[in-house]
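Engineer: model_10.txt is reproduced in full below (compact mmCIF, C-alpha atoms).
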# COMPACT_ATOMS: atom_id res chain seq x y z
CA MET T 1 -11.99 36.28 -23.77
CA GLY T 2 -14.87 33.80 -23.59
CA ARG T 3 -15.49 31.64 -20.56
CA PRO T 4 -13.79 28.22 -20.95
CA ASN T 5 -15.71 24.95 -20.82
CA PHE T 6 -15.00 23.02 -17.65
CA ARG T 7 -16.13 19.93 -15.75
CA LEU T 8 -15.98 19.45 -11.99
CA VAL T 9 -15.08 16.02 -10.60
CA ARG T 10 -15.59 15.91 -6.83
CA TYR T 11 -15.04 13.35 -4.07
CA ALA T 12 -15.52 14.36 -0.41
CA ASP T 13 -13.47 17.56 -0.01
CA ASP T 14 -11.17 16.74 -2.95
CA PHE T 15 -12.07 17.80 -6.46
CA VAL T 16 -10.60 18.26 -9.92
CA VAL T 17 -11.65 20.93 -12.41
CA LEU T 18 -11.06 19.96 -16.05
CA VAL T 19 -10.78 23.03 -18.26
CA HIS T 20 -11.07 23.12 -22.04
CA GLY T 21 -9.11 26.31 -22.51
CA THR T 22 -5.77 28.02 -21.96
CA LYS T 23 -3.62 28.05 -18.84
CA SER T 24 -4.55 31.67 -18.30
CA GLU T 25 -8.24 30.78 -18.32
CA ALA T 26 -7.54 27.96 -15.85
CA GLU T 27 -5.76 30.42 -13.54
CA THR T 28 -8.77 32.76 -13.69
CA LEU T 29 -11.19 29.94 -12.94
CA LYS T 30 -9.01 28.83 -10.02
CA ALA T 31 -9.22 32.30 -8.51
CA GLU T 32 -13.01 32.36 -8.95
CA ILE T 33 -13.36 28.98 -7.27
CA GLY T 34 -11.21 30.17 -4.36
CA GLU T 35 -13.43 33.21 -3.88
CA LEU T 36 -16.58 31.05 -4.06
CA LEU T 37 -15.30 28.64 -1.41
CA VAL T 38 -14.46 31.50 0.93
CA SER T 39 -17.73 33.39 0.49
CA ARG T 40 -20.17 30.45 0.34
CA LEU T 41 -18.56 27.62 2.30
CA LYS T 42 -16.05 29.42 4.54
CA MET T 43 -13.30 27.19 3.14
CA THR T 44 -9.98 27.94 1.50
CA LEU T 45 -8.05 26.14 -1.23
CA SER T 46 -4.98 24.26 -0.04
CA VAL T 47 -1.90 25.89 -1.52
CA GLU T 48 0.08 22.64 -1.25
CA LYS T 49 -2.57 20.53 -3.01
CA THR T 50 -3.89 22.98 -5.60
CA HIS T 51 -2.00 22.78 -8.88
CA ILE T 52 -2.61 23.53 -12.53
CA THR T 53 -1.23 20.90 -14.89
CA HIS T 54 -1.84 19.74 -18.42
CA ILE T 55 -3.68 16.45 -18.87
CA ASP T 56 -0.85 15.21 -21.12
CA ASP T 57 1.59 15.61 -18.22
CA GLY T 58 -0.72 13.71 -15.89
CA PHE T 59 -1.63 14.16 -12.23
CA VAL T 60 -2.46 12.03 -9.20
CA PHE T 61 -5.97 12.15 -7.74
CA LEU T 62 -7.19 9.86 -4.93
CA GLY T 63 -4.46 7.32 -5.65
CA PHE T 64 -4.98 7.26 -9.43
CA HIS T 65 -2.49 8.61 -11.94
CA ILE T 66 -4.61 10.27 -14.63
CA GLN T 67 -2.96 11.08 -17.94
CA ARG T 68 -3.80 11.41 -21.61
CA ARG T 69 -1.67 9.24 -23.90
CA SER T 70 -1.53 8.25 -27.54
CA TRP T 71 -3.05 4.83 -28.28
CA GLY T 72 -1.74 2.34 -30.82
CA ASP T 73 -4.33 3.30 -33.43
CA GLY T 74 -3.48 6.98 -33.19
CA ARG T 75 -6.25 7.93 -30.77
CA ARG T 76 -5.52 10.00 -27.68
CA VAL T 77 -7.15 8.47 -24.61
CA VAL T 78 -7.21 9.34 -20.92
CA LEU T 79 -5.98 6.50 -18.71
CA THR T 80 -6.52 6.09 -14.96
CA ILE T 81 -3.76 3.93 -13.50
CA PRO T 82 -2.90 3.15 -9.86
CA SER T 83 -0.21 5.64 -8.92
CA LYS T 84 3.31 4.59 -7.95
CA GLN T 85 2.75 6.08 -4.50
CA ALA T 86 -0.40 3.99 -3.96
CA LEU T 87 1.36 0.82 -5.08
CA ALA T 88 4.36 1.55 -2.86
CA SER T 89 2.03 2.11 0.10
CA VAL T 90 0.25 -1.24 -0.21
CA MET T 91 3.55 -3.04 -0.81
CA HIS T 92 4.90 -1.50 2.41
CA LYS T 93 1.84 -2.77 4.30
CA VAL T 94 2.30 -6.29 2.93
CA LYS T 95 6.00 -6.19 3.78
CA LYS T 96 5.23 -5.11 7.35
CA LEU T 97 2.61 -7.84 7.79
CA THR T 98 5.05 -10.49 6.54
CA GLY T 99 8.18 -9.32 8.34
CA ARG T 100 10.35 -11.40 10.66
CA SER T 101 8.54 -9.97 13.69
CA THR T 102 5.37 -11.84 12.65
CA THR T 103 6.87 -15.34 12.47
CA SER T 104 5.41 -16.14 15.89
CA LEU T 105 1.99 -16.20 14.18
CA SER T 106 0.64 -19.10 12.18
CA LEU T 107 0.41 -18.94 8.40
CA GLU T 108 -3.38 -18.83 8.70
CA GLU T 109 -3.20 -15.77 10.98
CA VAL T 110 -0.87 -13.97 8.58
CA LEU T 111 -3.13 -14.76 5.62
CA ARG T 112 -6.10 -13.37 7.55
CA THR T 113 -4.28 -10.03 7.91
CA VAL T 114 -2.73 -9.86 4.42
CA ASN T 115 -5.76 -10.92 2.35
CA PRO T 116 -8.07 -8.04 3.37
CA VAL T 117 -5.32 -5.54 2.48
CA LEU T 118 -4.83 -7.06 -0.98
CA ARG T 119 -8.54 -7.54 -1.67
CA GLY T 120 -9.53 -4.07 -0.47
CA TRP T 121 -6.78 -2.37 -2.46
CA ALA T 122 -7.70 -4.26 -5.62
CA ALA T 123 -11.41 -3.54 -5.13
CA TYR T 124 -10.71 0.20 -4.91
CA PHE T 125 -8.49 0.30 -8.01
CA ARG T 126 -10.57 -2.06 -10.16
CA TYR T 127 -12.10 0.94 -11.94
CA GLY T 128 -9.05 1.74 -14.02
CA VAL T 129 -6.21 0.36 -16.14
CA SER T 130 -5.03 -1.83 -13.27
CA LYS T 131 -4.60 -5.39 -14.55
CA ARG T 132 -0.83 -5.21 -14.93
CA THR T 133 -0.46 -3.56 -11.52
CA PHE T 134 -2.65 -6.25 -9.94
CA SER T 135 -0.47 -8.98 -11.43
CA TYR T 136 2.67 -7.33 -10.09
CA LEU T 137 1.17 -6.91 -6.62
CA GLY T 138 0.08 -10.56 -6.61
CA TRP T 139 3.60 -11.64 -7.55
CA TYR T 140 5.08 -9.43 -4.81
CA ALA T 141 2.71 -10.72 -2.12
CA TRP T 142 3.40 -14.34 -3.12
CA TRP T 143 7.16 -13.85 -2.78
CA ARG T 144 6.75 -12.08 0.55
CA LEU T 145 4.82 -15.07 1.89
CA ILE T 146 7.44 -17.47 0.51
CA LEU T 147 10.14 -15.53 2.39
CA TRP T 148 7.94 -15.44 5.50
CA ILE T 149 7.61 -19.22 5.40
CA ARG T 150 11.38 -19.42 4.99
CA TYR T 151 11.80 -17.27 8.13
CA LYS T 152 9.20 -19.35 9.96
CA HIS T 153 10.81 -22.67 9.04
CA PRO T 154 14.54 -21.99 8.63
CA HIS T 155 15.35 -25.68 8.28
CA MET T 156 13.03 -26.18 5.33
CA THR T 157 15.01 -26.38 2.08
CA TRP T 158 14.12 -24.47 -1.07
CA LYS T 159 13.31 -27.80 -2.71
CA GLN T 160 10.73 -28.49 0.00
CA LEU T 161 9.32 -24.98 -0.39
CA ARG T 162 8.92 -25.42 -4.13
CA ARG T 163 7.25 -28.78 -3.76
CA ARG T 164 4.77 -27.57 -1.17
CA TYR T 165 4.08 -23.89 -1.96
CA TYR T 166 5.03 -23.11 -5.58
CA GLY T 167 2.10 -22.63 -7.94
CA ALA T 168 -1.27 -20.88 -7.93
CA ASP T 169 -3.30 -21.13 -4.72
CA ARG T 170 -0.61 -23.21 -3.05
CA ILE T 171 0.04 -20.86 -0.13
CA ALA T 172 -2.84 -21.78 2.14
CA GLU T 173 -3.63 -22.98 5.65
CA GLY T 174 -6.85 -23.62 7.55
CA GLY T 175 -8.88 -23.15 4.41
CA ILE T 176 -7.46 -19.63 3.86
CA VAL T 177 -5.67 -19.12 0.52
CA LEU T 178 -3.40 -16.19 -0.27
CA TYR T 179 -5.52 -13.76 -2.29
CA ASN T 180 -4.25 -12.97 -5.76
CA PRO T 181 -5.18 -9.40 -6.83
CA ALA T 182 -4.85 -10.48 -10.48
CA LYS T 183 -8.16 -12.31 -10.05
CA MET T 184 -9.97 -9.02 -9.43
CA ARG T 185 -12.15 -8.17 -12.42
CA VAL T 186 -11.22 -4.80 -13.88
CA GLN T 187 -14.15 -2.69 -15.06
CA ARG T 188 -14.52 0.83 -16.36
CA TYR T 189 -17.05 3.42 -15.24
CA THR T 190 -19.93 3.93 -17.65
CA PHE T 191 -19.90 7.51 -18.87
CA ARG T 192 -23.08 9.25 -17.72
CA GLY T 193 -22.13 12.86 -18.38
CA ALA T 194 -25.04 15.25 -17.88
CA GLN T 195 -27.25 12.45 -16.53
CA ILE T 196 -25.59 12.81 -13.10
CA SER T 197 -27.97 14.86 -11.00
CA THR T 198 -26.69 18.25 -9.81
CA PRO T 199 -28.46 21.44 -8.68
CA TYR T 200 -27.74 22.86 -12.14
CA ASN T 201 -29.37 20.18 -14.29
CA ILE T 202 -32.22 18.93 -12.12
CA ASP T 203 -34.76 19.91 -14.78
CA GLU T 204 -32.92 17.86 -17.42
CA VAL T 205 -32.25 14.65 -15.50
CA ASP T 206 -34.78 11.83 -15.75
CA PRO T 207 -36.09 11.45 -12.15
CA GLY T 208 -37.51 8.01 -12.96
CA LYS T 209 -34.06 6.42 -13.13
CA ALA T 210 -32.98 5.46 -9.63
CA ARG T 211 -29.25 5.78 -10.18
CA PHE T 212 -29.69 9.39 -11.31
CA ARG T 213 -31.97 10.47 -8.46
CA ARG T 214 -30.89 13.08 -5.97
CA THR T 215 -30.19 12.01 -2.40
CA SER T 216 -29.49 13.82 0.82
CA HIS T 217 -27.99 12.94 4.17
CA ASP T 218 -31.53 12.40 5.46
CA ASP T 219 -32.45 9.98 2.68
CA VAL T 220 -33.16 6.77 4.64
CA ALA T 221 -33.20 4.65 1.50
CA PHE T 222 -29.63 5.70 0.80
CA VAL T 223 -28.06 6.37 4.20
CA GLY T 224 -29.68 3.31 5.78
CA GLN T 225 -28.10 0.95 3.28
CA VAL T 226 -24.67 2.50 3.79
CA SER T 227 -25.02 2.27 7.58
CA GLU T 228 -25.91 -1.41 7.36
CA TYR T 229 -22.90 -2.04 5.13
CA LEU T 230 -20.51 -0.23 7.45
CA ALA T 231 -21.91 -2.06 10.46
Written as structure tokens, how would this file's structure read?
Structural biologist:
Amino acid sequence: MGRPNFRLVRYADDFVVLVHGTKSEAETLKAEIGELLVSRLKMTLSVEKTHITHIDDGFVFLGFHIQRRSWGDGRRVVLTIPSKQALASVMHKVKKLTGRSTTSLSLEEVLRTVNPVLRGWAAYFRYGVSKRTFSYLGWYAWWRLILWIRYKHPHMTWKQLRRRYYGADRIAEGGIVLYNPAKMRVQRYTFRGAQISTPYNIDEVDPGKARFRRTSHDDVAFVGQVSEYLA
């Protein structure tokens, strides 16, 4: 049995191994990776998080649901979509921030807490097939704020609410407008393949291209910029 082709996708201590081969070959590779982590990094694979699944069945990784599907023209494409769990989580946050217990705050204060949640979530998931999900989240957030205003001003009629708050960018106070995730521009990652620098292809990667260069935790040009951003 020949060794299967595989690609490693890693983020922090989470990673996915994509195998072009059989399930048996994937099981063998999983065992080899487990042995490597133990011997080289003194780490063990999480039994609860480590699964073998077919790309057609899909799996969730870092909030994205990744699955291969048939396209309208007959092609089979891999889609990365915000997972149902991730959407439910952000909706729960919005619901909590717009609950009855927050009606003592002003609309401006509520918008200042809700907007960063919506904008940050949309910014994270903009690299995927997310436009429809963004539109749904925007609709949900808008209705939550409408209900919050109703709680805040119980004597205001629905006719008054429609006249004052219905429509795009109508929920606003103090110059703060409810952020609509649907306005986030969706973009796809540019495939770079073997041009991503790793210890195994350093002789093949063009060192003159800055985005392909290797960095380390001591690289001031890289770490310094991140530190300034986080500050």
Engineer: Can you measure atom CA of T:Ile176 to atom CA of T:Val110 for me? One decimal in Å is fine.
Structural biologist: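 Separation between atom CA of T:Ile176 and atom CA of T:Val110: 9.9 Å.
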Engineer: Using all atoms listed in the file, can you tell me which of T:Leu118, T:Ile55, T:Val129, T:Leu107 comes closest to T:Pro82?
Structural biologist: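 Of all the options, T:Val129 lies closest to T:Pro82.
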Engineer: Provide the atom CA of T:Glu27 to atom CA of T:Thr53 distance in Å, to one decimal place.
Structural biologist: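 Value for the atom CA of T:Glu27-atom CA of T:Thr53 distance: 10.6 Å.
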Engineer: So how many Å separate atom CA of T:Ala182 and atom CA of T:Ser135, to one decimal?
Structural biologist: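 So the answer is 4.7 Å.
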Engineer: Compile the contact shell of T:Gln187 as a list in words: residues with an atom at most 10 Å away, counting all atoms listed in the file, same-chain residues fewer than 3 positions apart removed.
Structural biologist: Phe125, Arg126, Tyr127, Gly128, Val129, Ser130, Lys131, Met184 and Thr190 of chain T
Engineer: Quick one: residues within 8 Å of stretch 137-148 of chain T, all atoms listed in the file counted, chain neighbours fewer than 3 positions away excluded, as a list in words?
Structural biologist: Leu87, Met91, Val94, Lys95, Thr98, Gly99, Arg100, Thr103, Thr133, Phe134, Tyr151, Lys152, Leu161, Tyr165, Ile171, Leu178, Tyr179, Asn180, Pro181 and Ala182 of chain T
Engineer: Quick one: of T:Ala122, T:Val17, T:Val117, T:Leu97, who's nearest to T:Ile52, counting only C-alpha atoms?
Structural biologist: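 Of T:Ala122, T:Val17, T:Val117, T:Leu97, the one nearest T:Ile52 is T:Val17, counting only C-alpha atoms.
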Engineer: Calculated over only C-alpha atoms, which of the candidates T:Arg170, T:Phe59, T:Asp14, T:Gly120 has the smallest distance to T:Leu45?
Structural biologist: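 When distances to T:Leu45 are compared using only C-alpha atoms, the smallest one comes from T:Asp14.
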Engineer: Counting only C-alpha atoms, which residue out of T:Phe15, T:Trp71, T:Glu109, T:Glu32 sits closest to T:Thr50?
Structural biologist: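 Ranking T:Phe15, T:Trp71, T:Glu109, T:Glu32 by distance to T:Thr50, first place goes to T:Phe15.
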Engineer: Find, counting only C-alpha atoms, the residue in T:Thr44, T:Ser101, T:Gln160, T:Thr113 that gets nearest to T:Ala31.
Structural biologist: T:Thr44
Engineer: Given 3 Å of margin on each side, can you work out the centre and size in Å (one decimal) of an axis-aligned box holding every listed atom of stretch 80-83 of chain T, as JSON?
Structural biologist:
{"center_x": -3.4, "center_y": 4.6, "center_z": -11.9, "size_x": 12.3, "size_y": 8.9, "size_z": 12.0}
Engineer: With only C-alpha atoms as the counted atoms, please give the residues lying no more than 12 Å from T:His54, apart from itself and same-chain residues fewer than 3 positions off, as JSON, numbers by chain.
Structural biologist: {"T": [17, 18, 19, 20, 21, 22, 23, 26, 51, 57, 58, 59, 66, 67, 68, 69, 78]}
Engineer: Missing atoms in stretch 79-104 of chain T should be modelled up to N, CA, C and O atoms and reported as a PDB file, in the frame of the given file.
Structural biologist:
ATOM      1  N   LEU T  79      -6.116   7.723 -19.488  1.00  0.00           N
ATOM      2  CA  LEU T  79      -5.980   6.500 -18.710  1.00  0.00           C
ATOM      3  C   LEU T  79      -5.945   6.823 -17.219  1.00  0.00           C
ATOM      4  O   LEU T  79      -5.349   7.818 -16.801  1.00  0.00           O
ATOM      5  N   THR T  80      -6.588   5.991 -16.416  1.00  0.00           N
ATOM      6  CA  THR T  80      -6.520   6.090 -14.960  1.00  0.00           C
ATOM      7  C   THR T  80      -5.822   4.844 -14.449  1.00  0.00           C
ATOM      8  O   THR T  80      -6.340   3.736 -14.547  1.00  0.00           O
ATOM      9  N   ILE T  81      -4.621   5.032 -13.913  1.00  0.00           N
ATOM     10  CA  ILE T  81      -3.760   3.930 -13.500  1.00  0.00           C
ATOM     11  C   ILE T  81      -3.416   4.092 -12.023  1.00  0.00           C
ATOM     12  O   ILE T  81      -3.206   5.221 -11.556  1.00  0.00           O
ATOM     13  N   PRO T  82      -3.352   3.009 -11.250  1.00  0.00           N
ATOM     14  CA  PRO T  82      -2.900   3.150  -9.860  1.00  0.00           C
ATOM     15  C   PRO T  82      -1.547   3.848  -9.806  1.00  0.00           C
ATOM     16  O   PRO T  82      -0.626   3.474 -10.527  1.00  0.00           O
ATOM     17  N   SER T  83      -1.440   4.856  -8.984  1.00  0.00           N
ATOM     18  CA  SER T  83      -0.210   5.640  -8.920  1.00  0.00           C
ATOM     19  C   SER T  83       0.923   4.832  -8.270  1.00  0.00           C
ATOM     20  O   SER T  83       0.684   3.858  -7.543  1.00  0.00           O
ATOM     21  N   LYS T  84       2.143   5.255  -8.538  1.00  0.00           N
ATOM     22  CA  LYS T  84       3.310   4.590  -7.950  1.00  0.00           C
ATOM     23  C   LYS T  84       3.291   4.728  -6.430  1.00  0.00           C
ATOM     24  O   LYS T  84       3.704   3.814  -5.714  1.00  0.00           O
ATOM     25  N   GLN T  85       2.818   5.882  -5.945  1.00  0.00           N
ATOM     26  CA  GLN T  85       2.750   6.080  -4.500  1.00  0.00           C
ATOM     27  C   GLN T  85       1.761   5.114  -3.853  1.00  0.00           C
ATOM     28  O   GLN T  85       2.031   4.565  -2.772  1.00  0.00           O
ATOM     29  N   ALA T  86       0.598   4.908  -4.507  1.00  0.00           N
ATOM     30  CA  ALA T  86      -0.400   3.990  -3.960  1.00  0.00           C
ATOM     31  C   ALA T  86       0.120   2.562  -3.952  1.00  0.00           C
ATOM     32  O   ALA T  86      -0.091   1.815  -2.988  1.00  0.00           O
ATOM     33  N   LEU T  87       0.803   2.168  -5.027  1.00  0.00           N
ATOM     34  CA  LEU T  87       1.360   0.820  -5.080  1.00  0.00           C
ATOM     35  C   LEU T  87       2.444   0.632  -4.026  1.00  0.00           C
ATOM     36  O   LEU T  87       2.493  -0.401  -3.346  1.00  0.00           O
ATOM     37  N   ALA T  88       3.301   1.641  -3.874  1.00  0.00           N
ATOM     38  CA  ALA T  88       4.360   1.550  -2.860  1.00  0.00           C
ATOM     39  C   ALA T  88       3.775   1.442  -1.462  1.00  0.00           C
ATOM     40  O   ALA T  88       4.310   0.725  -0.603  1.00  0.00           O
ATOM     41  N   SER T  89       2.657   2.132  -1.220  1.00  0.00           N
ATOM     42  CA  SER T  89       2.030   2.110   0.100  1.00  0.00           C
ATOM     43  C   SER T  89       1.501   0.719   0.442  1.00  0.00           C
ATOM     44  O   SER T  89       1.737   0.210   1.547  1.00  0.00           O
ATOM     45  N   VAL T  90       0.797   0.077  -0.499  1.00  0.00           N
ATOM     46  CA  VAL T  90       0.250  -1.240  -0.210  1.00  0.00           C
ATOM     47  C   VAL T  90       1.362  -2.283  -0.116  1.00  0.00           C
ATOM     48  O   VAL T  90       1.281  -3.226   0.690  1.00  0.00           O
ATOM     49  N   MET T  91       2.417  -2.121  -0.902  1.00  0.00           N
ATOM     50  CA  MET T  91       3.550  -3.040  -0.810  1.00  0.00           C
ATOM     51  C   MET T  91       4.232  -2.925   0.551  1.00  0.00           C
ATOM     52  O   MET T  91       4.658  -3.934   1.137  1.00  0.00           O
ATOM     53  N   HIS T  92       4.307  -1.707   1.072  1.00  0.00           N
ATOM     54  CA  HIS T  92       4.900  -1.500   2.410  1.00  0.00           C
ATOM     55  C   HIS T  92       4.048  -2.190   3.475  1.00  0.00           C
ATOM     56  O   HIS T  92       4.590  -2.792   4.411  1.00  0.00           O
ATOM     57  N   LYS T  93       2.718  -2.114   3.332  1.00  0.00           N
ATOM     58  CA  LYS T  93       1.840  -2.770   4.300  1.00  0.00           C
ATOM     59  C   LYS T  93       2.034  -4.286   4.271  1.00  0.00           C
ATOM     60  O   LYS T  93       2.112  -4.939   5.318  1.00  0.00           O
ATOM     61  N   VAL T  94       2.106  -4.847   3.062  1.00  0.00           N
ATOM     62  CA  VAL T  94       2.300  -6.290   2.930  1.00  0.00           C
ATOM     63  C   VAL T  94       3.654  -6.702   3.516  1.00  0.00           C
ATOM     64  O   VAL T  94       3.762  -7.715   4.218  1.00  0.00           O
ATOM     65  N   LYS T  95       4.667  -5.894   3.249  1.00  0.00           N
ATOM     66  CA  LYS T  95       6.000  -6.190   3.780  1.00  0.00           C
ATOM     67  C   LYS T  95       6.000  -6.176   5.303  1.00  0.00           C
ATOM     68  O   LYS T  95       6.620  -7.028   5.959  1.00  0.00           O
ATOM     69  N   LYS T  96       5.297  -5.207   5.891  1.00  0.00           N
ATOM     70  CA  LYS T  96       5.230  -5.110   7.350  1.00  0.00           C
ATOM     71  C   LYS T  96       4.478  -6.288   7.952  1.00  0.00           C
ATOM     72  O   LYS T  96       4.873  -6.814   9.003  1.00  0.00           O
ATOM     73  N   LEU T  97       3.411  -6.730   7.287  1.00  0.00           N
ATOM     74  CA  LEU T  97       2.610  -7.840   7.790  1.00  0.00           C
ATOM     75  C   LEU T  97       3.294  -9.191   7.616  1.00  0.00           C
ATOM     76  O   LEU T  97       2.865 -10.176   8.224  1.00  0.00           O
ATOM     77  N   THR T  98       4.346  -9.229   6.781  1.00  0.00           N
ATOM     78  CA  THR T  98       5.050 -10.490   6.540  1.00  0.00           C
ATOM     79  C   THR T  98       6.508 -10.404   6.974  1.00  0.00           C
ATOM     80  O   THR T  98       7.354 -11.169   6.490  1.00  0.00           O
ATOM     81  N   GLY T  99       6.812  -9.482   7.875  1.00  0.00           N
ATOM     82  CA  GLY T  99       8.180  -9.320   8.340  1.00  0.00           C
ATOM     83  C   GLY T  99       8.574 -10.406   9.343  1.00  0.00           C
ATOM     84  O   GLY T  99       7.761 -11.215   9.791  1.00  0.00           O
ATOM     85  N   ARG T 100       9.831 -10.398   9.705  1.00  0.00           N
ATOM     86  CA  ARG T 100      10.350 -11.400  10.660  1.00  0.00           C
ATOM     87  C   ARG T 100       9.658 -11.321  12.011  1.00  0.00           C
ATOM     88  O   ARG T 100       9.552 -12.319  12.719  1.00  0.00           O
ATOM     89  N   SER T 101       9.173 -10.126  12.375  1.00  0.00           N
ATOM     90  CA  SER T 101       8.540  -9.970  13.690  1.00  0.00           C
ATOM     91  C   SER T 101       7.199 -10.688  13.780  1.00  0.00           C
ATOM     92  O   SER T 101       6.635 -10.806  14.869  1.00  0.00           O
ATOM     93  N   THR T 102       6.664 -11.165  12.645  1.00  0.00           N
ATOM     94  CA  THR T 102       5.370 -11.840  12.650  1.00  0.00           C
ATOM     95  C   THR T 102       5.488 -13.359  12.561  1.00  0.00           C
ATOM     96  O   THR T 102       4.474 -14.049  12.460  1.00  0.00           O
ATOM     97  N   THR T 103       6.703 -13.885  12.621  1.00  0.00           N
ATOM     98  CA  THR T 103       6.870 -15.340  12.470  1.00  0.00           C
ATOM     99  C   THR T 103       6.350 -16.133  13.666  1.00  0.00           C
ATOM    100  O   THR T 103       6.257 -17.355  13.600  1.00  0.00           O
ATOM    101  N   SER T 104       6.008 -15.428  14.750  1.00  0.00           N
ATOM    102  CA  SER T 104       5.410 -16.140  15.890  1.00  0.00           C
ATOM    103  C   SER T 104       3.956 -16.509  15.601  1.00  0.00           C
ATOM    104  O   SER T 104       3.373 -17.358  16.288  1.00  0.00           O
TER     105      SER T 104
END
